[in-house]
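What follows is the content of model.txt (compact mmCIF, C-alpha atoms).
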```
# COMPACT_ATOMS: atom_id res chain seq x y z
CA MET A 930 0.00 0.00 0.00
CA ALA A 931 1.23 3.49 -0.88
CA THR A 932 2.20 5.91 1.91
CA GLN A 933 0.36 9.23 1.93
CA ILE A 934 0.54 12.31 4.14
CA ALA A 935 -2.42 14.30 5.42
CA VAL A 936 -2.18 17.67 7.20
CA SER A 937 -4.92 19.12 9.39
CA PHE A 938 -4.84 22.78 10.48
CA GLU A 939 -6.59 22.98 13.86
CA GLU A 940 -6.83 25.39 16.79
CA LYS A 941 -4.38 23.30 18.84
CA GLY A 942 -1.82 23.32 16.05
CA VAL A 943 -1.10 21.29 12.93
CA ARG A 944 -1.71 17.53 12.97
CA ILE A 945 0.21 15.43 10.45
CA VAL A 946 -0.39 11.73 9.79
CA TYR A 947 1.55 9.26 7.67
CA ALA A 948 -0.59 6.34 6.56
CA SER A 949 -0.52 3.59 4.00
CA THR A 950 -3.74 3.27 2.02
CA GLY A 951 -5.15 0.89 -0.54
CA SER A 952 -8.32 -1.09 -1.30
CA ARG A 953 -10.34 1.04 1.18
CA ASN A 954 -7.94 0.14 4.01
CA LEU A 955 -5.74 2.45 6.07
CA LYS A 956 -2.80 1.69 8.35
CA LEU A 957 -1.62 4.58 10.51
CA GLN A 958 2.18 4.70 10.50
CA LYS A 959 3.00 7.92 12.35
CA ALA A 960 1.21 10.96 13.79
CA LEU A 961 2.66 14.36 14.68
CA LEU A 962 1.30 17.47 16.42
CA ILE A 963 3.32 20.64 15.78
CA SER A 964 2.67 24.35 16.17
CA ASP A 965 1.61 26.44 13.21
CA GLU A 966 4.96 28.27 13.39
CA GLU A 967 6.84 24.98 13.01
CA PHE A 968 4.95 23.90 9.92
CA ASP A 969 7.06 25.76 7.34
CA ASP A 970 10.20 24.16 8.76
CA PHE A 971 8.46 20.76 8.54
CA LEU A 972 7.70 21.33 4.86
CA HIS A 973 11.30 22.34 4.24
CA LYS A 974 12.58 19.05 5.68
CA GLU A 975 9.86 16.74 4.32
CA SER A 976 10.73 15.17 0.96
CA ALA A 977 7.20 14.22 -0.05
CA GLY A 978 5.72 16.28 -2.86
CA ARG A 979 1.94 15.74 -2.49
CA PHE A 980 -0.35 16.35 0.51
CA THR A 981 -4.01 15.99 1.43
CA VAL A 982 -5.19 18.90 3.61
CA SER A 983 -8.08 19.55 5.99
CA ALA A 984 -8.69 22.66 8.08
CA ASP A 985 -10.79 24.41 10.72
CA PHE A 986 -11.75 27.43 8.64
CA LYS A 987 -12.22 30.69 10.52
CA ALA A 988 -14.75 32.01 8.00
CA ILE A 989 -17.27 29.25 7.38
CA PHE A 990 -21.00 28.93 6.65
CA HIS A 991 -23.04 25.81 7.38
CA ASP A 992 -26.81 25.62 7.51
CA ILE A 993 -29.92 24.07 6.01
CA ILE A 994 -31.30 26.06 3.10
CA GLN A 995 -34.93 25.63 2.13
CA LEU A 996 -35.62 25.89 -1.59
CA PRO A 997 -38.71 25.44 -3.73
CA PRO A 998 -38.89 21.94 -5.28
CA VAL A 999 -36.96 22.94 -8.41
CA PRO A 1000 -35.13 20.62 -10.85
CA ASP A 1001 -31.67 19.50 -9.70
CA LYS A 1002 -29.85 21.58 -12.32
CA PHE A 1003 -30.98 24.82 -10.62
CA ILE A 1004 -30.09 23.84 -7.04
CA LYS A 1005 -26.38 24.78 -7.12
CA LYS A 1006 -27.09 28.31 -8.39
CA LEU A 1007 -29.88 28.88 -5.87
CA VAL A 1008 -27.70 27.64 -3.00
CA SER A 1009 -24.87 29.96 -4.08
CA ASN A 1010 -27.23 32.95 -4.13
CA GLU A 1011 -28.56 32.10 -0.68
CA ILE A 1012 -25.04 31.84 0.79
CA LYS A 1013 -24.18 35.29 -0.62
CA LYS A 1014 -27.25 36.77 1.08
CA ARG A 1015 -26.69 35.08 4.44
CA SER A 1016 -22.89 35.39 4.73
CA PRO A 1017 -21.63 38.45 2.83
CA GLU A 1018 -18.55 38.49 5.12
CA LEU A 1019 -17.19 35.43 3.29
CA GLY A 1020 -16.50 37.45 0.16
CA GLU A 1021 -15.48 35.07 -2.62
CA PHE A 1022 -16.32 31.59 -1.38
CA LEU A 1023 -16.18 27.91 -2.28
CA PHE A 1024 -18.99 25.62 -1.24
CA SER A 1025 -20.48 22.13 -1.28
CA HIS A 1026 -24.08 21.06 -0.82
CA GLU A 1027 -26.16 17.94 -0.28
CA VAL A 1028 -29.90 17.53 -0.77
CA ILE A 1029 -31.50 16.25 2.44
CA GLY A 1030 -35.00 15.74 1.07
CA ASP A 1031 -38.43 17.29 0.64
CA ARG A 1032 -40.85 18.15 3.44
CA PHE A 1033 -43.84 20.40 4.09
CA VAL A 1034 -43.36 23.63 6.03
CA GLU A 1035 -46.49 25.65 6.89
CA GLY A 1036 -48.42 23.81 4.21
CA ARG A 1037 -45.95 24.27 1.39
CA LYS A 1038 -43.47 21.78 0.00
CA VAL A 1039 -39.81 22.74 0.29
CA ARG A 1040 -36.56 21.01 -0.63
CA GLU A 1041 -34.00 21.09 2.17
CA VAL A 1042 -30.33 21.34 1.23
CA PHE A 1043 -27.41 21.37 3.66
CA ALA A 1044 -24.78 23.84 2.44
CA LEU A 1045 -21.21 24.39 3.61
CA ALA A 1046 -19.08 27.30 2.38
CA VAL A 1047 -15.58 28.59 3.18
CA SER A 1048 -13.66 31.71 2.26
CA GLN A 1049 -11.65 31.34 -0.93
CA ASN A 1050 -8.97 33.63 0.51
CA GLU A 1051 -8.41 31.17 3.37
CA VAL A 1052 -8.14 28.27 0.94
CA ASN A 1053 -5.65 30.21 -1.20
CA SER A 1054 -3.57 31.05 1.89
CA ILE A 1055 -3.33 27.36 2.80
CA ILE A 1056 -2.38 26.34 -0.75
CA SER A 1057 0.29 29.08 -0.96
CA ARG A 1058 2.10 27.63 2.08
CA PHE A 1059 2.62 24.43 0.09
CA SER A 1060 3.15 25.87 -3.39
CA SER A 1061 5.82 28.29 -2.13
CA ARG A 1062 7.85 25.18 -1.24
CA GLY A 1063 7.13 23.52 -4.58
CA ARG A 1064 4.61 21.08 -3.08
CA THR A 1065 1.24 20.02 -4.47
CA VAL A 1066 -2.08 19.91 -2.61
CA ASP A 1067 -4.34 17.11 -3.83
CA ALA A 1068 -7.41 18.19 -1.85
CA VAL A 1069 -8.59 20.70 0.78
CA TYR A 1070 -11.50 19.60 2.99
CA PRO A 1071 -13.26 21.40 5.84
CA ASN A 1072 -12.68 19.38 9.02
CA ILE A 1073 -16.42 19.16 9.62
CA SER A 1074 -16.77 17.38 6.25
CA CYS A 1075 -14.07 14.88 7.26
CA ILE A 1076 -15.55 14.03 10.65
CA SER A 1077 -19.12 13.81 9.30
CA ALA A 1078 -18.00 11.40 6.57
CA PHE A 1079 -16.29 9.29 9.24
CA ALA A 1080 -19.41 9.44 11.40
CA SER A 1081 -21.57 8.33 8.50
CA GLU A 1082 -19.34 5.26 8.15
CA ALA A 1083 -19.46 4.63 11.91
CA MET A 1084 -23.26 4.82 12.28
CA GLY A 1085 -24.70 1.40 12.94
CA ARG A 1086 -27.94 1.99 11.04
CA ALA A 1087 -28.44 4.50 8.25
CA GLU A 1088 -31.91 5.45 9.54
CA ASP A 1089 -30.57 6.53 12.96
CA THR A 1090 -30.28 10.15 14.08
CA ALA A 1091 -27.19 10.79 16.18
CA LEU A 1092 -25.35 13.74 17.70
CA PHE A 1093 -21.57 13.61 17.42
CA VAL A 1094 -18.98 15.45 19.50
CA SER A 1095 -15.44 16.12 18.33
CA GLU A 1096 -12.77 18.36 19.79
CA SER A 1097 -10.64 20.99 18.11
CA GLY A 1098 -8.52 23.09 20.40
CA PHE A 1099 -10.59 24.51 23.27
CA ALA A 1100 -13.85 24.16 21.37
CA LYS A 1101 -16.25 21.33 20.72
CA THR A 1102 -17.88 20.71 17.36
CA LEU A 1103 -21.40 19.30 17.78
CA PHE A 1104 -23.08 17.98 14.64
CA VAL A 1105 -26.14 15.90 13.86
CA MET A 1106 -26.34 13.11 11.30
CA ASP A 1107 -29.77 12.02 10.10
CA ARG A 1108 -30.08 8.98 7.84
CA GLY A 1109 -26.36 9.21 7.11
CA LYS A 1110 -26.48 12.91 6.10
CA LEU A 1111 -25.09 15.98 7.86
CA VAL A 1112 -28.01 18.25 8.84
CA PHE A 1113 -26.76 20.48 11.66
CA VAL A 1114 -23.42 21.86 12.92
CA ARG A 1115 -22.68 23.91 16.00
CA LYS A 1116 -19.30 24.99 17.35
CA ALA A 1117 -19.42 25.46 21.10
CA SER A 1118 -16.80 26.92 23.43
CA SER A 1119 -15.32 24.65 26.08
CA THR A 1120 -13.46 24.99 29.36
CA GLY A 1121 -10.75 22.51 28.39
CA SER A 1122 -9.83 19.19 26.87
CA GLY A 1123 -12.16 16.22 27.32
CA MET A 1124 -15.82 16.21 28.37
CA ARG A 1125 -16.72 18.35 31.37
CA ASP A 1126 -20.02 19.38 32.91
CA PHE A 1127 -20.08 22.55 30.79
CA ASP A 1128 -19.73 20.42 27.63
CA VAL A 1129 -22.50 18.05 28.77
CA GLN A 1130 -24.83 21.05 29.22
CA ASN A 1131 -24.02 22.19 25.66
CA VAL A 1132 -24.80 18.72 24.34
CA ASN A 1133 -28.14 18.57 26.14
CA MET A 1134 -29.09 22.06 24.95
CA THR A 1135 -28.27 21.03 21.37
CA ILE A 1136 -30.44 17.91 21.64
CA SER A 1137 -33.34 20.04 22.91
CA TYR A 1138 -32.87 22.48 20.01
CA CYS A 1139 -32.94 19.60 17.52
CA ARG A 1140 -36.17 18.26 18.99
CA GLN A 1141 -37.97 21.61 19.15
CA THR A 1142 -36.71 23.41 16.04
CA LEU A 1143 -35.39 20.81 13.61
CA LYS A 1144 -37.96 18.15 14.57
CA LEU A 1145 -35.12 15.65 14.91
CA ASN A 1146 -34.63 13.35 17.88
CA PRO A 1147 -31.02 12.15 18.28
CA SER A 1148 -31.06 8.71 19.89
CA VAL A 1149 -27.39 8.62 20.88
CA VAL A 1150 -24.39 10.88 21.51
CA MET A 1151 -21.18 9.64 19.87
CA MET A 1152 -17.89 11.11 21.12
CA ALA A 1153 -14.51 11.09 19.38
CA GLY A 1154 -10.97 11.64 20.59
CA SER A 1155 -10.34 13.21 23.99
CA SER A 1156 -14.09 13.88 24.37
CA CYS A 1157 -14.37 10.15 24.88
CA HIS A 1158 -11.24 8.97 26.69
CA GLU A 1159 -11.10 12.07 28.97
CA TYR A 1160 -14.69 12.06 30.24
CA GLU A 1161 -14.57 14.05 33.49
CA ALA A 1162 -18.17 15.28 33.74
CA SER A 1163 -20.26 14.37 36.76
CA GLY A 1164 -23.51 14.73 34.82
CA GLU A 1165 -24.90 12.63 31.99
CA THR A 1166 -26.32 13.43 28.58
CA ILE A 1167 -30.11 13.16 28.23
CA VAL A 1168 -29.69 10.35 25.69
CA PRO A 1169 -27.22 7.45 25.89
CA SER A 1170 -23.62 8.26 24.96
CA ALA A 1171 -20.82 6.12 23.55
CA CYS A 1172 -17.37 6.39 22.06
CA MET A 1173 -16.88 6.26 18.31
CA MET A 1174 -15.20 3.01 17.34
CA LEU A 1175 -12.75 2.45 14.54
CA PRO A 1176 -14.04 0.73 11.41
CA ALA A 1177 -12.54 -2.68 10.67
CA ASN A 1178 -10.57 -1.27 7.74
CA VAL A 1179 -8.53 1.13 9.93
CA ARG A 1180 -5.46 -0.19 11.72
CA GLY A 1181 -3.73 1.73 14.50
CA ARG A 1182 -4.07 2.62 18.17
CA GLN A 1183 -7.65 3.71 18.69
CA ASP A 1184 -6.85 6.77 20.85
CA VAL A 1185 -4.21 8.00 18.35
CA VAL A 1186 -6.50 7.50 15.36
CA LEU A 1187 -9.44 9.27 17.02
CA ASP A 1188 -7.23 12.16 18.16
CA ASN A 1189 -6.22 12.56 14.50
CA ILE A 1190 -9.67 11.84 13.13
CA PHE A 1191 -9.66 14.76 10.65
CA PRO A 1192 -6.51 13.87 8.64
CA VAL A 1193 -7.24 10.13 8.96
CA SER A 1194 -10.73 10.64 7.51
CA ALA A 1195 -9.32 12.82 4.72
CA LEU A 1196 -7.15 9.91 3.54
CA LEU A 1197 -9.52 7.03 4.25
CA LEU A 1198 -12.66 8.57 2.74
CA SER A 1199 -11.25 10.61 -0.16
CA LYS A 1200 -13.81 9.19 -2.61
CA LYS A 1201 -16.72 9.95 -0.29
CA LEU A 1202 -15.35 13.46 0.28
CA LYS A 1203 -14.92 14.25 -3.42
CA SER A 1204 -17.81 16.75 -3.47
CA SER A 1205 -16.36 18.50 -0.37
CA ASN A 1206 -12.99 19.23 -1.98
CA MET A 1207 -12.55 23.01 -1.83
CA LEU A 1208 -9.62 23.28 -4.24
CA PRO A 1209 -10.29 26.21 -6.60
CA VAL A 1210 -11.01 25.28 -10.21
CA ARG A 1211 -8.04 27.33 -11.44
CA TYR A 1212 -5.61 25.50 -9.15
CA ARG A 1213 -6.95 22.12 -10.29
CA ALA A 1214 -6.50 23.15 -13.93
CA GLU A 1215 -2.92 24.26 -13.27
CA GLN A 1216 -2.13 20.94 -11.59
CA MET A 1217 -3.60 19.05 -14.55
CA LEU A 1218 -1.40 21.06 -16.92
CA ASN A 1219 1.68 20.44 -14.77
CA THR A 1220 0.94 16.71 -14.74
CA PHE A 1221 0.47 16.78 -18.51
CA PHE A 1222 3.76 18.62 -19.08
CA LYS A 1223 5.65 16.29 -16.75
CA ALA A 1224 4.24 13.27 -18.55
CA GLY A 1225 5.14 14.86 -21.89
CA ALA A 1226 8.69 15.55 -20.73
CA ALA A 1227 9.10 11.96 -19.54
CA CYS A 1228 7.72 10.70 -22.86
CA PHE A 1229 10.16 12.97 -24.75
CA VAL A 1230 13.11 11.58 -22.78
CA VAL A 1231 12.03 7.99 -23.48
CA LEU A 1232 11.51 8.68 -27.19
CA SER A 1233 14.83 10.51 -27.42
CA ALA A 1234 16.65 7.57 -25.85
CA ALA A 1235 14.87 5.18 -28.22
CA GLY A 1236 15.81 7.41 -31.15
CA LEU A 1237 19.48 7.42 -30.16
CA ILE A 1238 19.47 3.64 -29.84
CA SER A 1239 17.76 3.31 -33.23
CA LEU A 1240 20.26 5.75 -34.78
CA ARG A 1241 23.15 3.74 -33.39
CA ASN A 1242 21.68 0.51 -34.77
CA SER A 1243 21.10 2.19 -38.14
CA SER A 1244 24.71 3.40 -38.15
CA ASP A 1245 25.91 -0.17 -37.59
CA LYS A 1246 23.74 -1.38 -40.49
CA ILE A 1247 25.06 1.36 -42.79
CA GLN A 1248 28.63 0.35 -42.02
CA ALA A 1249 27.77 -3.29 -42.78
CA HIS A 1250 26.23 -2.29 -46.15
CA GLU A 1251 29.29 -0.20 -47.00
CA GLN A 1252 31.51 -3.20 -46.30
CA ARG A 1253 29.28 -5.41 -48.48
CA ILE A 1254 29.49 -2.89 -51.35
CA LYS A 1255 33.29 -2.85 -51.10
CA THR A 1256 33.36 -6.66 -51.25
CA LEU A 1257 31.05 -6.75 -54.29
CA SER A 1258 33.15 -4.09 -56.02
CA MET A 1259 36.25 -6.21 -55.54
CA GLN A 1260 34.42 -9.28 -56.91
CA VAL A 1261 33.26 -7.30 -59.99
CA ALA A 1262 36.78 -6.06 -60.60
CA ALA A 1263 38.10 -9.64 -60.34
CA ALA A 1264 35.49 -10.89 -62.86
CA ALA A 1265 36.27 -8.19 -65.48
CA PRO A 1266 38.84 -10.30 -67.50
CA ALA A 1267 36.40 -13.26 -67.77
CA ALA A 1268 33.62 -10.92 -68.96
CA ALA A 1269 35.92 -9.58 -71.69
CA GLU A 1270 36.62 -13.14 -72.95
CA ILE A 1271 32.83 -13.91 -73.06
CA LYS A 1272 32.21 -10.81 -75.18
CA LYS A 1273 34.88 -11.93 -77.64
CA LEU A 1274 33.25 -15.39 -77.88
CA GLN A 1275 29.80 -13.81 -78.49
CA ALA A 1276 31.27 -11.75 -81.32
CA ARG A 1277 32.66 -14.90 -83.03
CA LEU A 1278 29.30 -16.79 -82.67
CA GLN A 1279 27.10 -13.93 -83.88
CA PRO A 1280 27.23 -14.92 -87.62
CA LEU A 1281 25.77 -18.37 -86.72
CA MET A 1282 22.64 -17.06 -84.85
CA PRO A 1283 20.23 -16.82 -87.91
CA ALA A 1284 20.66 -20.53 -88.61
CA VAL A 1285 20.09 -21.44 -84.95
CA ASN A 1286 16.86 -19.38 -84.75
CA ALA A 1287 15.48 -20.97 -87.91
CA PHE A 1288 16.05 -24.44 -86.48
CA ASN A 1289 14.31 -23.55 -83.17
CA SER A 1290 11.31 -22.05 -85.00
CA SER A 1291 10.68 -25.26 -86.88
CA ASN A 1292 10.30 -27.12 -83.55
CA SER A 1293 8.20 -24.52 -81.61
CA ALA A 1294 4.59 -25.48 -82.42
CA PRO A 1295 2.21 -24.76 -79.53
CA ASP A 1296 1.48 -27.69 -77.21
CA ALA A 1297 -2.36 -27.75 -76.67
CA LYS A 1298 -2.14 -30.52 -74.04
CA LYS A 1299 0.22 -28.44 -71.94
CA ALA A 1300 -2.09 -25.40 -72.29
CA LEU A 1301 -5.11 -27.44 -71.12
CA ALA A 1302 -3.15 -28.68 -68.12
CA SER A 1303 -2.18 -25.12 -67.23
CA ALA A 1304 -5.81 -23.97 -67.43
CA SER A 1305 -6.76 -26.48 -64.72
CA GLY A 1306 -5.85 -23.78 -62.25
CA LEU A 1307 -9.28 -22.27 -62.94
CA SER A 1308 -11.01 -25.12 -61.09
CA ALA A 1309 -10.94 -23.89 -57.49
CA LYS A 1310 -13.51 -24.32 -54.76
CA GLY A 1311 -16.27 -21.74 -55.15
CA VAL A 1312 -15.17 -20.83 -58.71
CA SER A 1313 -17.46 -21.72 -61.61
CA VAL A 1314 -16.08 -21.44 -65.19
CA GLU A 1315 -18.87 -20.69 -67.67
CA SER A 1316 -16.75 -20.57 -70.82
CA ILE A 1317 -13.12 -21.05 -71.81
CA ARG A 1318 -11.50 -20.46 -75.19
CA PHE A 1319 -8.02 -21.27 -76.46
CA GLY A 1320 -6.25 -19.33 -79.19
CA PHE A 1321 -2.95 -20.25 -80.81
CA GLU A 1322 -0.70 -17.53 -82.12
CA ALA A 1323 2.88 -17.54 -83.24
CA GLY A 1324 4.97 -18.49 -80.28
CA SER A 1325 2.16 -18.59 -77.63
CA VAL A 1326 -1.19 -20.04 -76.51
CA ARG A 1327 -3.88 -17.64 -75.24
CA VAL A 1328 -6.60 -18.71 -72.79
CA THR A 1329 -9.74 -16.58 -72.37
CA ALA A 1330 -12.09 -17.54 -69.53
CA LYS A 1331 -15.39 -16.25 -68.08
CA GLY A 1332 -16.96 -17.40 -64.86
CA SER A 1333 -18.43 -16.56 -61.49
CA ILE A 1334 -17.45 -16.88 -57.83
CA LYS A 1335 -19.73 -18.00 -55.01
CA SER A 1336 -19.00 -16.23 -51.68
CA ASP A 1337 -20.73 -14.38 -48.87
CA SER A 1338 -18.60 -11.23 -48.86
CA TYR A 1339 -16.60 -8.92 -51.15
CA LEU A 1340 -13.40 -9.78 -49.32
CA ARG A 1341 -13.96 -13.51 -49.86
CA THR A 1342 -14.71 -12.92 -53.57
CA GLN A 1343 -11.48 -10.98 -54.01
CA ALA A 1344 -9.51 -13.62 -52.14
CA LEU A 1345 -10.83 -16.48 -54.35
CA PHE A 1346 -10.10 -14.49 -57.53
CA ALA A 1347 -6.55 -13.87 -56.29
CA GLU A 1348 -6.18 -17.63 -55.70
CA VAL A 1349 -7.23 -18.30 -59.32
CA LEU A 1350 -4.64 -15.86 -60.68
CA ASP A 1351 -1.91 -17.34 -58.44
CA SER A 1352 -2.83 -20.86 -59.55
CA LEU A 1353 -2.60 -19.90 -63.24
CA GLY A 1354 0.78 -18.30 -62.61
CA ARG A 1355 2.10 -21.47 -60.97
CA SER A 1356 0.83 -23.46 -63.99
CA GLY A 1357 2.91 -21.38 -66.38
CA LEU A 1358 0.18 -19.00 -67.61
CA GLN A 1359 0.90 -15.29 -67.47
CA THR A 1360 -2.16 -13.05 -66.90
CA VAL A 1361 -2.61 -10.56 -69.74
CA SER A 1362 -5.85 -8.91 -68.56
CA LYS A 1363 -8.34 -9.45 -65.73
CA LYS A 1364 -11.64 -7.99 -64.55
CA LEU A 1365 -13.67 -8.80 -61.42
CA ASP A 1366 -17.21 -7.43 -61.05
CA LEU A 1367 -18.12 -7.37 -57.33
CA LYS A 1368 -21.76 -6.53 -58.03
CA ASP A 1369 -22.60 -9.93 -59.54
CA ASN A 1370 -19.37 -11.80 -58.60
CA THR A 1371 -18.38 -12.48 -62.26
CA PHE A 1372 -14.94 -12.34 -63.81
CA ASN A 1373 -13.16 -12.21 -67.18
CA LEU A 1374 -9.52 -12.97 -67.67
CA GLU A 1375 -7.03 -13.60 -70.41
CA ALA A 1376 -3.75 -15.45 -69.94
CA ALA A 1377 -0.97 -16.53 -72.28
CA GLN A 1378 1.61 -19.33 -72.32
CA LYS A 1379 4.75 -18.68 -74.24
CA VAL A 1380 6.27 -21.55 -76.16
CA ALA A 1381 9.97 -22.01 -75.55
CA LYS A 1382 12.08 -21.35 -78.64
```
How does the structure come out when it is put into structure tokens?
Amino acid sequence: MATQIAVSFEEKGVRIVYASTGSRNLKLQKALLISDEEFDDFLHKESAGRFTVSADFKAIFHDIIQLPPVPDKFIKKLVSNEIKKRSPELGEFLFSHEVIGDRFVEGRKVREVFALAVSQNEVNSIISRFSSRGRTVDAVYPNISCISAFASEAMGRAEDTALFVSESGFAKTLFVMDRGKLVFVRKASSTGSGMRDFDVQNVNMTISYCRQTLKLNPSVVMMAGSSCHEYEASGETIVPSACMMLPANVRGRQDVVLDNIFPVSALLLSKKLKSSNMLPVRYRAEQMLNTFFKAGAACFVVLSAAGLISLRNSSDKIQAHEQRIKTLSMQVAAAAPAAAEIKKLQARLQPLMPAVNAFNSSNSAPDAKKALASASGLSAKGVSVESIRFGFEAGSVRVTAKGSIKSDSYLRTQALFAEVLDSLGRSGLQTVSKKLDLKDNTFNLEAAQKVAK
């Protein structure tokens, strides 16, 4: 499994986890907690080039937005407009949304959508800390998205409604999951690490608010990290409480994993968190171009190396050809005296050639039997000869044939006709003209057999 690094910017500092991931499994290898001031020095020393990031954003919007029951293609634009109206302090923002469902409010049907938005300036500031060191950010998730995705995986039954408590610095994040979806988030101040009486009061107040205002009834309180293993409250929550347990596909000490729940979730649930990735579109496009250029450069290097190897091999072949030409030139030069003697002999025999030709002509009558045997090449499977005619001329026999070819395709017809021509050639007949009509699969051909003189 490949080792990946996730970084979480939190109120307590910066949490960094090293984990090996693969096939939906995660094995925690190492976890660090450093101050924000130490992070730049960490990046300077760390050799890895790619990071997954999560953060507690200072400027953040999260709420349920009620929309008319419009088609899905209009929801994103309507949600964006509503965020602008409710949180103008965000300025330019990036957001994600999830449709919760439809319900009736005061007699009218509305579509409820949970929206989460963060300041784009904050996201850019985080990215610049990495890019200034030549590092790449693969994703930026709000920490609430990470923990809610983990909670969704941890819920025993999808139809349950549960309130979850996680800790970040000296604050508690309280959020409600209903049927596996995030529907409410509240960040509450705290008097310290772990669960104390003040925190229990906040939890109970949140449950009451859910029952009265949201018409939701959390059946259990699930606590993560120090909220669970440092429970110091004397009071109890008004519904049963329990500690979040690790899924079977996560390996590592439970207290360490739950203390680093944000970066662990960012690595483990990257596919589930895809819609919560707040990387700006422009940054994603730049990273795609960089990846493309790097791949192109690597391809150029490989092709250049292959070209040099090919050029070297070609050079060796050229040298071999040059040596062969030199050898042949020497052989030609050595044969020059013998060629001169042959020319002298031809000159002495030239006066006798008319008598020799006359004798050969008297014995060169066309052999019809041999011509018929050669024409047997027309009898191939699927080939039907309709007519065949022999003509005898001075010094040759001509065969003219017409026929048809039975086949189920043009390619097969052409192949059978080519077989006929090859067969005639092997029989000693030279094709003079040929025509194949693919419309009705008929052919005409004319071949000749020269008589040796």
Write out as an mmCIF file with C-alpha atoms, in the coordinates of the input the residues lying within 10 Å of Leu1198 (chain A), counting all atoms listed in the file and excluding same-chain residues fewer than 2 positions away.
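Wrote selection.cif, looks like this:
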```
data_model
loop_
_atom_site.group_PDB
_atom_site.id
_atom_site.type_symbol
_atom_site.label_atom_id
_atom_site.label_comp_id
_atom_site.auth_asym_id
_atom_site.auth_seq_id
_atom_site.Cartn_x
_atom_site.Cartn_y
_atom_site.Cartn_z
ATOM 1 C CA ARG A 953 -10.340 1.040 1.180
ATOM 2 C CA ASN A 954 -7.940 0.140 4.010
ATOM 3 C CA LEU A 955 -5.740 2.450 6.070
ATOM 4 C CA CYS A 1075 -14.070 14.880 7.260
ATOM 5 C CA ALA A 1078 -18.000 11.400 6.570
ATOM 6 C CA PHE A 1079 -16.290 9.290 9.240
ATOM 7 C CA GLU A 1082 -19.340 5.260 8.150
ATOM 8 C CA VAL A 1193 -7.240 10.130 8.960
ATOM 9 C CA SER A 1194 -10.730 10.640 7.510
ATOM 10 C CA ALA A 1195 -9.320 12.820 4.720
ATOM 11 C CA LEU A 1196 -7.150 9.910 3.540
ATOM 12 C CA LYS A 1200 -13.810 9.190 -2.610
ATOM 13 C CA LYS A 1201 -16.720 9.950 -0.290
ATOM 14 C CA LEU A 1202 -15.350 13.460 0.280
ATOM 15 C CA LYS A 1203 -14.920 14.250 -3.420
#
```
All residues 8 Å or closer to Glu1027 (chain A), all atoms listed in the file, same chain fewer than 4 positions away omitted, as a PyMOL selection string
chain A and resi 1042-1044
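Neighbours of Val1112 (chain A) closer than or equal to 9 Å, with only C-alpha atoms counted and sequence neighbours fewer than 4 positions away skipped, come out as Asp992, Ile993, Ile1029, Val1042, Phe1043, Phe1104, Val1105, Met1106 and Asp1107 of chain A.
Between Pro998 (chain A) and the candidates A:Leu1218, A:Ala984, A:Ala1249, A:Val1028, the tightest atom-to-atom separation, counting only C-alpha atoms, involves A:Val1028.
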Atom pair CA of Lys956 (chain A) / CA of Val1114 (chain A): separation (Å)
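According to the coordinates, CA of Lys956 (chain A) and CA of Val1114 (chain A) are separated by 29.2 Å.
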Atom pair CA of Val1328 (chain A) / CA of Lys1363 (chain A): separation (Å):
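Calculated distance between CA of Val1328 (chain A) and CA of Lys1363 (chain A) is 11.8 Å.
We find CA of Lys1038 (chain A) and CA of Lys1144 (chain A) to be spaced 16.0 Å apart.
Here the question is which of A:Lys1331, A:Arg1341, A:Lys1005, A:Lys959 gets nearest to Ala1376 (chain A) using all atoms listed in the file, and that residue is A:Lys1331.
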Could you check the closest approach to Ile1334 (chain A) for each of A:Ala1153, A:Leu1350, A:Val1314, A:Ile963 and tell me which residue wins, using only C-alpha atoms?
A:Val1314
Write a file for region 1118-1125 of chain A of the given structure; include N, CA and C atoms and format it as a JSON list (two decimals), in the first residue's frame.
```
[["chain", "number", "residue", "atom", "x", "y", "z"],
["A", 1118, "SER", "N", -18.01, 26.70, 22.62],
["A", 1118, "SER", "CA", -16.80, 26.92, 23.43],
["A", 1118, "SER", "C", -16.74, 25.86, 24.52],
["A", 1119, "SER", "N", -15.53, 25.67, 25.06],
["A", 1119, "SER", "CA", -15.32, 24.65, 26.08],
["A", 1119, "SER", "C", -14.33, 25.16, 27.11],
["A", 1120, "THR", "N", -14.36, 24.56, 28.29],
["A", 1120, "THR", "CA", -13.46, 24.99, 29.36],
["A", 1120, "THR", "C", -12.14, 24.23, 29.35],
["A", 1121, "GLY", "N", -11.99, 23.26, 28.45],
["A", 1121, "GLY", "CA", -10.75, 22.51, 28.39],
["A", 1121, "GLY", "C", -10.90, 21.24, 27.61],
["A", 1122, "SER", "N", -9.83, 20.45, 27.62],
["A", 1122, "SER", "CA", -9.83, 19.19, 26.87],
["A", 1122, "SER", "C", -10.73, 18.17, 27.56],
["A", 1123, "GLY", "N", -11.28, 17.25, 26.77],
["A", 1123, "GLY", "CA", -12.16, 16.22, 27.32],
["A", 1123, "GLY", "C", -13.57, 16.72, 27.53],
["A", 1124, "MET", "N", -14.41, 15.85, 28.10],
["A", 1124, "MET", "CA", -15.82, 16.21, 28.37],
["A", 1124, "MET", "C", -15.97, 16.61, 29.83],
["A", 1125, "ARG", "N", -16.48, 17.83, 30.04],
["A", 1125, "ARG", "CA", -16.72, 18.35, 31.37],
["A", 1125, "ARG", "C", -18.20, 18.69, 31.51]]
```
